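Colleague: Input file: coords-v1.tsv. Contents: TSV, C-alpha atoms.
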chain	number	residue	atom	x	y	z
A	657	MET	CA	13.42	18.98	-12.88
A	658	ASN	CA	11.04	18.21	-15.76
A	659	ALA	CA	10.59	14.72	-14.35
A	660	LEU	CA	8.79	16.19	-11.34
A	661	LYS	CA	5.96	17.42	-13.57
A	662	ASN	CA	4.65	13.86	-13.54
A	663	PRO	CA	2.54	13.54	-10.34
A	664	ALA	CA	3.58	9.88	-10.06
A	665	HIS	CA	7.28	10.84	-9.88
A	666	ARG	CA	6.55	13.53	-7.29
A	667	ALA	CA	4.49	11.10	-5.23
A	668	TRP	CA	7.24	8.46	-5.36
A	669	LEU	CA	9.85	10.97	-4.15
A	670	VAL	CA	7.70	12.18	-1.22
A	671	LEU	CA	6.84	8.56	-0.33
A	672	MET	CA	10.54	7.63	-0.22
A	673	ILE	CA	11.43	10.61	2.01
A	674	ALA	CA	8.46	9.88	4.30
A	675	THR	CA	9.46	6.20	4.58
A	676	GLY	CA	12.99	7.32	5.48
A	677	ILE	CA	11.64	9.51	8.31
A	678	THR	CA	9.51	6.68	9.78
A	679	TRP	CA	12.50	4.31	9.50
A	680	TYR	CA	14.68	6.89	11.30
A	681	PHE	CA	12.14	7.15	14.14
A	682	GLY	CA	12.56	3.39	14.50
A	683	VAL	CA	16.38	3.66	14.54
A	684	ILE	CA	16.40	6.25	17.33
A	685	GLY	CA	13.81	4.22	19.25
A	686	ALA	CA	11.30	7.07	19.25
A	687	THR	CA	8.52	6.63	21.81
A	688	GLY	CA	5.66	8.73	23.13
A	689	THR	CA	2.71	10.75	21.95
A	690	PRO	CA	4.48	13.32	19.70
A	691	TYR	CA	6.18	10.56	17.71
A	692	ILE	CA	3.01	8.48	17.49
A	693	ILE	CA	1.12	11.50	16.16
A	694	ALA	CA	3.98	12.32	13.76
A	695	MET	CA	4.07	8.76	12.41
A	696	LEU	CA	0.29	8.69	11.96
A	697	ILE	CA	0.40	12.00	10.09
A	698	ILE	CA	3.20	10.65	7.87
A	699	ALA	CA	1.24	7.43	7.20
A	700	PHE	CA	-1.84	9.53	6.41
A	701	ILE	CA	0.06	11.72	3.92
A	702	LYS	CA	1.61	8.64	2.31
A	703	GLY	CA	-1.71	6.83	2.06
A	704	ARG	CA	-3.36	9.90	0.56
A	705	LEU	CA	-0.63	10.20	-2.10
A	706	VAL	CA	-1.16	6.53	-3.05
A	707	ILE	CA	-4.93	7.10	-3.27
A	708	LEU	CA	-4.72	10.32	-5.29
A	709	ASP	CA	-1.65	9.86	-7.51
A	710	PHE	CA	-1.12	6.09	-7.77
A	711	MET	CA	-4.74	4.90	-7.76
A	712	GLU	CA	-5.51	8.06	-9.74
A	713	LEU	CA	-8.59	8.92	-7.73
A	714	ARG	CA	-7.80	12.66	-7.73
A	715	GLU	CA	-9.78	12.97	-10.97
A	716	ALA	CA	-12.31	10.22	-10.17
A	717	PRO	CA	-15.93	10.66	-9.08
A	718	LEU	CA	-15.81	12.35	-5.67
A	719	MET	CA	-17.60	9.48	-3.89
A	720	TRP	CA	-14.77	7.01	-4.52
A	721	ARG	CA	-12.09	9.44	-3.53
A	722	LEU	CA	-13.95	10.25	-0.31
A	723	LEU	CA	-14.60	6.56	0.47
A	724	LEU	CA	-10.89	5.75	0.38
A	725	GLU	CA	-9.90	8.94	2.21
A	726	ALA	CA	-12.53	8.14	4.85
A	727	TRP	CA	-10.91	4.72	5.29
A	728	LEU	CA	-7.57	6.43	5.99
A	729	ILE	CA	-9.18	8.79	8.52
A	730	LEU	CA	-11.02	5.89	10.18
A	731	VAL	CA	-7.91	3.71	10.48
A	732	SER	CA	-5.65	6.51	11.76
A	733	SER	CA	-8.28	7.68	14.27
A	734	LEU	CA	-8.80	4.16	15.65
A	735	ILE	CA	-5.04	3.65	16.01
A	736	LEU	CA	-4.68	7.06	17.69
A	737	LEU	CA	-7.55	6.26	20.06
A	738	ALA	CA	-6.02	2.90	21.00
A	739	TYR	CA	-2.60	4.47	21.66
A	740	TRP	CA	-4.23	7.24	23.70
A	741	ILE	CA	-6.05	4.60	25.80
A	742	SER	CA	-2.74	2.79	26.34
A	743	LEU	CA	-1.31	5.93	27.96
A	744	LYS	CA	-4.11	6.07	30.54
B	962	MET	CA	-16.71	5.24	-37.84
B	963	THR	CA	-17.63	6.02	-34.27
B	964	THR	CA	-17.90	3.05	-31.94
B	965	VAL	CA	-20.03	2.90	-28.83
B	966	THR	CA	-16.96	3.19	-26.57
B	967	ASP	CA	-15.73	6.25	-28.44
B	968	THR	CA	-19.09	7.93	-27.93
B	969	LEU	CA	-19.10	7.00	-24.25
B	970	ALA	CA	-15.57	8.31	-23.83
B	971	GLU	CA	-16.54	11.59	-25.47
B	972	ASN	CA	-19.60	11.97	-23.28
B	973	THR	CA	-17.78	11.33	-20.01
B	974	PRO	CA	-16.19	14.50	-18.69
B	975	PRO	CA	-12.42	13.81	-18.62
B	976	GLY	CA	-12.22	14.91	-15.00
B	977	LYS	CA	-14.65	12.33	-13.64
B	978	ARG	CA	-13.54	8.85	-14.57
B	979	LEU	CA	-12.99	5.93	-12.20
B	980	PRO	CA	-9.97	3.96	-13.49
B	981	GLY	CA	-10.62	0.26	-14.15
B	982	ASP	CA	-13.79	-1.74	-13.49
B	983	LEU	CA	-16.31	-0.66	-10.87
B	984	ALA	CA	-16.31	-4.21	-9.44
B	985	ILE	CA	-12.60	-4.10	-8.53
B	986	TRP	CA	-13.24	-0.97	-6.45
B	987	PHE	CA	-15.94	-2.72	-4.41
B	988	PHE	CA	-13.55	-5.63	-3.91
B	989	ILE	CA	-10.76	-3.24	-2.86
B	990	LEU	CA	-13.07	-1.51	-0.40
B	991	ALA	CA	-14.10	-4.85	1.15
B	992	GLU	CA	-10.44	-5.87	1.52
B	993	MET	CA	-9.55	-2.53	3.07
B	994	LEU	CA	-12.36	-2.82	5.62
B	995	ALA	CA	-11.11	-6.28	6.62
B	996	PHE	CA	-7.63	-4.84	7.17
B	997	ALA	CA	-9.09	-1.86	9.09
B	998	VAL	CA	-10.62	-4.32	11.57
B	999	PHE	CA	-7.28	-6.13	11.80
B	1000	PHE	CA	-5.29	-2.89	12.36
B	1001	ALA	CA	-7.73	-1.68	15.02
B	1002	SER	CA	-7.68	-5.08	16.76
B	1003	TYR	CA	-3.88	-4.92	16.92
B	1004	ALA	CA	-3.90	-1.37	18.32
B	1005	PHE	CA	-6.56	-2.12	20.96
B	1006	ALA	CA	-4.94	-5.44	21.95
B	1007	ARG	CA	-1.69	-3.49	22.41
B	1008	ALA	CA	-3.44	-1.03	24.75
B	1009	SER	CA	-3.86	-3.79	27.33
B	1010	HIS	CA	-0.39	-5.35	26.84
B	1011	VAL	CA	1.83	-2.32	26.19
B	1012	GLU	CA	5.04	-3.71	27.71
B	1013	LEU	CA	4.71	-7.08	26.00
B	1014	PHE	CA	4.05	-5.44	22.62
B	1015	ASN	CA	6.96	-2.98	23.00
B	1016	ALA	CA	9.42	-5.73	24.03
B	1017	SER	CA	8.33	-8.06	21.21
B	1018	GLN	CA	8.30	-5.26	18.63
B	1019	ASP	CA	11.96	-4.62	19.49
B	1020	THR	CA	12.84	-8.06	18.09
B	1021	LEU	CA	11.49	-7.19	14.62
B	1022	ASN	CA	13.83	-6.24	11.81
B	1023	ARG	CA	12.85	-2.61	11.13
B	1024	ASN	CA	15.35	-2.30	8.29
B	1025	ALA	CA	13.66	-5.20	6.50
B	1026	GLY	CA	10.25	-3.59	7.09
B	1027	ALA	CA	11.46	-0.24	5.70
B	1028	LEU	CA	13.14	-1.95	2.72
B	1029	ASN	CA	9.86	-3.71	1.98
B	1030	THR	CA	8.04	-0.36	2.12
B	1031	VAL	CA	10.49	0.99	-0.48
B	1032	LEU	CA	9.96	-2.12	-2.65
B	1033	LEU	CA	6.15	-1.91	-2.58
B	1034	ILE	CA	6.06	1.86	-3.21
B	1035	THR	CA	8.51	1.51	-6.09
B	1036	GLY	CA	6.53	-1.46	-7.46
B	1037	SER	CA	3.39	0.67	-7.32
B	1038	TRP	CA	5.19	3.51	-9.07
B	1039	PHE	CA	6.26	1.24	-11.95
B	1040	VAL	CA	2.66	0.12	-12.39
B	1041	VAL	CA	1.47	3.77	-12.54
B	1042	LEU	CA	4.08	4.31	-15.25
B	1043	ALA	CA	2.66	1.27	-17.09
B	1044	VAL	CA	-0.84	2.78	-16.99
B	1045	GLN	CA	0.52	6.12	-18.21
B	1046	ALA	CA	2.37	4.30	-21.03
B	1047	ALA	CA	-0.85	2.54	-22.10
B	1048	HIS	CA	-2.60	5.91	-22.28
B	1049	ARG	CA	0.01	7.13	-24.78
B	1050	ASP	CA	0.06	3.77	-26.64
B	1051	ASP	CA	3.66	2.95	-25.73
B	1052	GLN	CA	3.29	-0.85	-25.64
B	1053	ARG	CA	6.92	-1.61	-24.82
B	1054	ALA	CA	6.89	0.66	-21.78
B	1055	VAL	CA	3.67	-1.00	-20.55
B	1056	THR	CA	5.25	-4.47	-20.61
B	1057	ARG	CA	8.57	-3.26	-19.16
B	1058	ASN	CA	7.00	-1.38	-16.24
B	1059	ILE	CA	4.63	-4.24	-15.37
B	1060	GLY	CA	7.67	-6.52	-15.33
B	1061	LEU	CA	9.57	-4.14	-13.04
B	1062	GLY	CA	6.55	-3.86	-10.73
B	1063	PHE	CA	6.41	-7.66	-10.54
B	1064	LEU	CA	10.12	-7.83	-9.65
B	1065	CYS	CA	9.59	-5.36	-6.78
B	1066	GLY	CA	6.82	-7.66	-5.50
B	1067	ALA	CA	9.19	-10.63	-5.75
B	1068	GLY	CA	11.81	-8.66	-3.80
B	1069	PHE	CA	9.22	-7.99	-1.09
B	1070	LEU	CA	8.42	-11.71	-0.79
B	1071	ILE	CA	12.12	-12.64	-0.53
B	1072	VAL	CA	12.76	-10.09	2.25
B	1073	LYS	CA	9.63	-11.28	4.09
B	1074	ILE	CA	10.62	-14.94	3.78
B	1075	PHE	CA	14.02	-14.13	5.35
B	1076	GLU	CA	12.22	-12.31	8.17
B	1077	TYR	CA	9.87	-15.24	8.77
B	1078	ALA	CA	12.78	-17.71	8.63
B	1079	ALA	CA	14.66	-15.70	11.28
B	1080	LYS	CA	11.60	-15.62	13.55
B	1081	PHE	CA	10.58	-19.25	13.07
B	1082	GLY	CA	14.25	-20.28	13.43
B	1083	ALA	CA	14.28	-18.54	16.84
B	1084	GLY	CA	11.33	-20.72	17.84
B	1085	ILE	CA	8.76	-17.94	17.58
B	1086	SER	CA	5.27	-18.93	16.47
B	1087	MET	CA	1.69	-17.61	16.53
B	1088	SER	CA	1.27	-19.08	20.02
B	1089	THR	CA	4.40	-17.38	21.50
B	1090	ASN	CA	2.39	-14.34	22.63
B	1091	THR	CA	-0.37	-11.95	21.54
B	1092	PHE	CA	2.07	-9.66	19.71
B	1093	TYR	CA	3.51	-12.45	17.56
B	1094	MET	CA	0.01	-13.82	16.94
B	1095	PHE	CA	-0.84	-10.41	15.42
B	1096	TYR	CA	2.53	-9.93	13.73
B	1097	ILE	CA	2.46	-13.29	11.98
B	1098	SER	CA	-1.24	-13.33	11.02
B	1099	LEU	CA	-1.37	-9.68	9.93
B	1100	THR	CA	1.82	-9.80	7.84
B	1101	PHE	CA	0.95	-13.23	6.42
B	1102	PHE	CA	-2.54	-12.05	5.42
B	1103	HIS	CA	-0.84	-9.14	3.66
B	1104	PHE	CA	1.80	-11.50	2.17
B	1105	MET	CA	-1.02	-13.48	0.50
B	1106	HIS	CA	-2.32	-10.23	-1.00
B	1107	VAL	CA	1.13	-9.48	-2.44
B	1108	ILE	CA	1.11	-12.95	-4.04
B	1109	LEU	CA	-2.37	-12.38	-5.51
B	1110	GLY	CA	-1.22	-8.98	-6.78
B	1111	MET	CA	1.75	-10.65	-8.49
B	1112	VAL	CA	-0.54	-13.26	-10.09
B	1113	ILE	CA	-2.65	-10.37	-11.45
B	1114	LEU	CA	0.49	-8.58	-12.68
B	1115	SER	CA	1.62	-11.78	-14.47
B	1116	VAL	CA	-1.70	-12.02	-16.31
B	1117	ILE	CA	-1.52	-8.32	-17.22
B	1118	TRP	CA	2.11	-8.72	-18.35
B	1119	LEU	CA	1.16	-11.56	-20.71
B	1120	GLN	CA	-1.77	-9.53	-22.06
B	1121	SER	CA	0.39	-6.44	-22.50
B	1122	ARG	CA	2.81	-8.44	-24.67
B	1123	LYS	CA	-0.11	-9.03	-27.03
B	1124	GLY	CA	-0.70	-5.26	-27.10
B	1125	ALA	CA	-3.94	-5.54	-25.13
B	1126	TYR	CA	-3.68	-2.13	-23.41
B	1127	THR	CA	-4.02	1.03	-25.45
B	1128	SER	CA	-5.25	4.59	-25.04
B	1129	LYS	CA	-8.71	3.30	-26.07
B	1130	SER	CA	-8.89	0.34	-23.69
B	1131	ALA	CA	-6.76	0.00	-20.60
B	1132	ASN	CA	-9.51	-1.16	-18.26
B	1133	GLY	CA	-7.95	-4.53	-17.39
B	1134	LEU	CA	-4.60	-2.90	-16.71
B	1135	GLU	CA	-6.17	-0.14	-14.59
B	1136	SER	CA	-8.14	-2.66	-12.51
B	1137	GLY	CA	-5.04	-4.75	-11.80
B	1138	ALA	CA	-3.08	-1.58	-11.04
B	1139	ALA	CA	-5.72	-0.43	-8.53
B	1140	TYR	CA	-5.43	-3.77	-6.67
B	1141	TRP	CA	-1.61	-3.52	-6.65
B	1142	HIS	CA	-1.79	0.01	-5.19
B	1143	MET	CA	-4.12	-1.27	-2.45
B	1144	VAL	CA	-1.46	-3.80	-1.41
B	1145	ASP	CA	0.97	-0.86	-1.15
B	1146	LEU	CA	-1.54	1.32	0.74
B	1147	LEU	CA	-2.12	-1.42	3.35
B	1148	TRP	CA	1.62	-1.84	3.98
B	1149	ILE	CA	2.00	1.93	4.42
B	1150	ILE	CA	-0.21	1.61	7.53
B	1151	LEU	CA	1.08	-1.81	8.58
B	1152	PHE	CA	4.78	-0.87	8.65
B	1153	PRO	CA	4.65	2.04	11.14
B	1154	LEU	CA	1.92	0.35	13.21
B	1155	VAL	CA	3.57	-3.04	13.73
B	1156	TYR	CA	7.29	-2.23	13.31
B	1157	VAL	CA	7.82	1.28	14.67
B	1158	MET	CA	5.00	2.90	16.71
B	1159	ARG	CA	5.42	2.48	20.47
Render the structure in this file as structure tokens.

Modeller:
Amino acid sequence: MNALKNPAHRAWLVLMIATGITWYFGVIGATGTPYIIAMLIIAFIKGRLVILDFMELREAPLMWRLLLEAWLILVSSLILLAYWISLK
Amino acid sequence: MTTVTDTLAENTPPGKRLPGDLAIWFFILAEMLAFAVFFASYAFARASHVELFNASQDTLNRNAGALNTVLLITGSWFVVLAVQAAHRDDQRAVTRNIGLGFLCGAGFLIVKIFEYAAKFGAGISMSTNTFYMFYISLTFFHFMHVILGMVILSVIWLQSRKGAYTSKSANGLESGAAYWHMVDLLWIILFPLVYVMR
């Protein structure tokens, strides 16, 4: 389990599992608000892992970390808003 | 003898360093904003054509999309390992991991070309409907970014063979790596949005 001390290895493992879950939602033809929210949360977690552990912004000046995290929040919120409008 | 860079490195708190060049981060941010507009346009266009988007999305190959997610994430992971190797002056591991990252990118392009071939072979084009207009333009725009990322990785690979990246200077490698991770980050949103969410 020593390999998991490297944050990059941990991130890769979580990213693989998360991708598997999203793929599975596709296989079962998941539709509706709970799945849309679940998939957006998964995409958010994945994106954040890439930003913090792959781009190595966890230890970077806070402004850059926040700028990229804000992008993730912006994109997921806009997608959520558009899907919510489509249900009206 | 203490060089200027050594002094700078000593004076910068280890916890507060932006990897790579500042310029690449502005470039990355600009690219990400362009994609944000694209993603939002797709989602809002879908809101007024839900049935059309759902029916067309059903024709996409989700397995290929998921496989490509795995390839890009793994490619990104290899490039992180290359940066880590440079920081501990393991030159061979830098070159090897850049090479493996490049191969993952190549795998992505091959899978995508098969997907495009299947769609174009079925007579689908940008003008088929709004969904395909978005699907083709969005994924092709991203495809071009994968190609640019692979060009950058090739340059870095050649440099790494000359031992250009060390614990003292890995700026070029870190800048290229940051761009490559952006390509991965964009696909992480693109895949669920275009292939799965409905």

Colleague: Calculate how many Å separate CA of Asn662 in chain A from CA of Leu1042 in chain B, rounding to one decimal.

Modeller: 9.7 Å

Colleague: With only C-alpha atoms as the counted atoms, please give the residues lying no more than 9 Å from Val670 in chain A, apart from itself and same-chain residues fewer than 5 positions off, as a list of chain:residue names.

Modeller: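 The residues satisfying every condition are A:His665, A:Thr675, A:Lys702, A:Leu705.
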
Colleague: Only C-alpha atoms, please: the residues just picked out, written as a tab-separated table (two decimals), in the frame of the given file.

Modeller:
chain	number	residue	atom	x	y	z
A	665	HIS	CA	7.28	10.84	-9.88
A	675	THR	CA	9.46	6.20	4.58
A	702	LYS	CA	1.61	8.64	2.31
A	705	LEU	CA	-0.63	10.20	-2.10

Colleague: Hey, what's within 10 Å of Arg721 in chain A if we count only C-alpha atoms and toss same-chain stuff fewer than 6 positions away? As a ChimeraX atom specification, please?

Modeller: /A:704,707-708,711-715 /B:979

Colleague: Restricting the calculation to all atoms listed in the file, which member of B:Phe1005, B:Tyr1140, B:Phe1039, B:Phe1014 is positioned closest to chain A?

Modeller: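 With all atoms listed in the file as the atom set, the closest residue is B:Phe1005.
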
Colleague: So, counting only C-alpha atoms, which residue among A:Trp668, A:Ala674, A:Ile697, A:Met719 is closest to chain B?

Modeller: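 Counting only C-alpha atoms, the residue closest to chain B is A:Trp668.
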
Colleague: Given the choices A:Tyr680, A:Phe700, A:Phe710, A:Trp720, which gets closest to Ser732 in chain A if the distance is worked out from all atoms listed in the file?

Modeller: A:Phe700

Colleague: Find, counting all atoms listed in the file, the residue in A:Thr689, A:Asn658, A:Ser742, A:Ser733 that gets nearest to chain B.

Modeller: A:Ser742

Colleague: Each residue of chain A with at least one atom at most 7 Å from chain B should appear once, together with its nearest atom pair and the corresponding distance in Å (one decimal); atoms considered: all atoms listed in the file; ordering: chain, then increasing residue number; output as CSV.

Modeller:
residue,atom,partner,partner_atom,distance
A:Ala664,CA,B:Trp1038,CA,6.6
A:Trp668,CA,B:Trp1038,CA,6.5
A:Met672,CA,B:Val1031,CA,6.6
A:Thr675,CA,B:Ala1027,CA,6.8
A:Thr678,CA,B:Pro1153,CA,6.9
A:Trp679,CA,B:Ala1027,CA,6.0
A:Gly682,CA,B:Val1157,CA,5.2
A:Thr687,CA,B:Arg1159,CA,5.4
A:Gly688,CA,B:Arg1159,CA,6.8
A:Ile692,CA,B:Met1158,CA,6.0
A:Met695,CA,B:Pro1153,CA,6.9
A:Ala699,CA,B:Ile1150,CA,6.0
A:Gly703,CA,B:Leu1146,CA,5.7
A:Val706,CA,B:Leu1146,CA,6.5
A:Phe710,CA,B:Val1041,CA,5.9
A:Met711,CA,B:Ala1139,CA,5.5
A:Leu713,CA,B:Leu979,CA,6.9
A:Glu715,CA,B:Gly976,CA,5.1
A:Ala716,CA,B:Lys977,CA,4.7
A:Pro717,CA,B:Lys977,CA,5.0
A:Val731,CA,B:Ala997,CA,5.9
A:Leu734,CA,B:Ala1001,CA,6.0
A:Ile735,CA,B:Ala1004,CA,5.6
A:Ala738,CA,B:Phe1005,CA,5.0
A:Tyr739,CA,B:Ala1008,CA,6.4
A:Ile741,CA,B:Ala1008,CA,6.3
A:Ser742,CA,B:Ala1008,CA,4.2

Colleague: Could you check how far CA of Trp1118 in chain B sits from CA of Thr1056 in chain B, in Å to one decimal?

Modeller: 5.7 Å
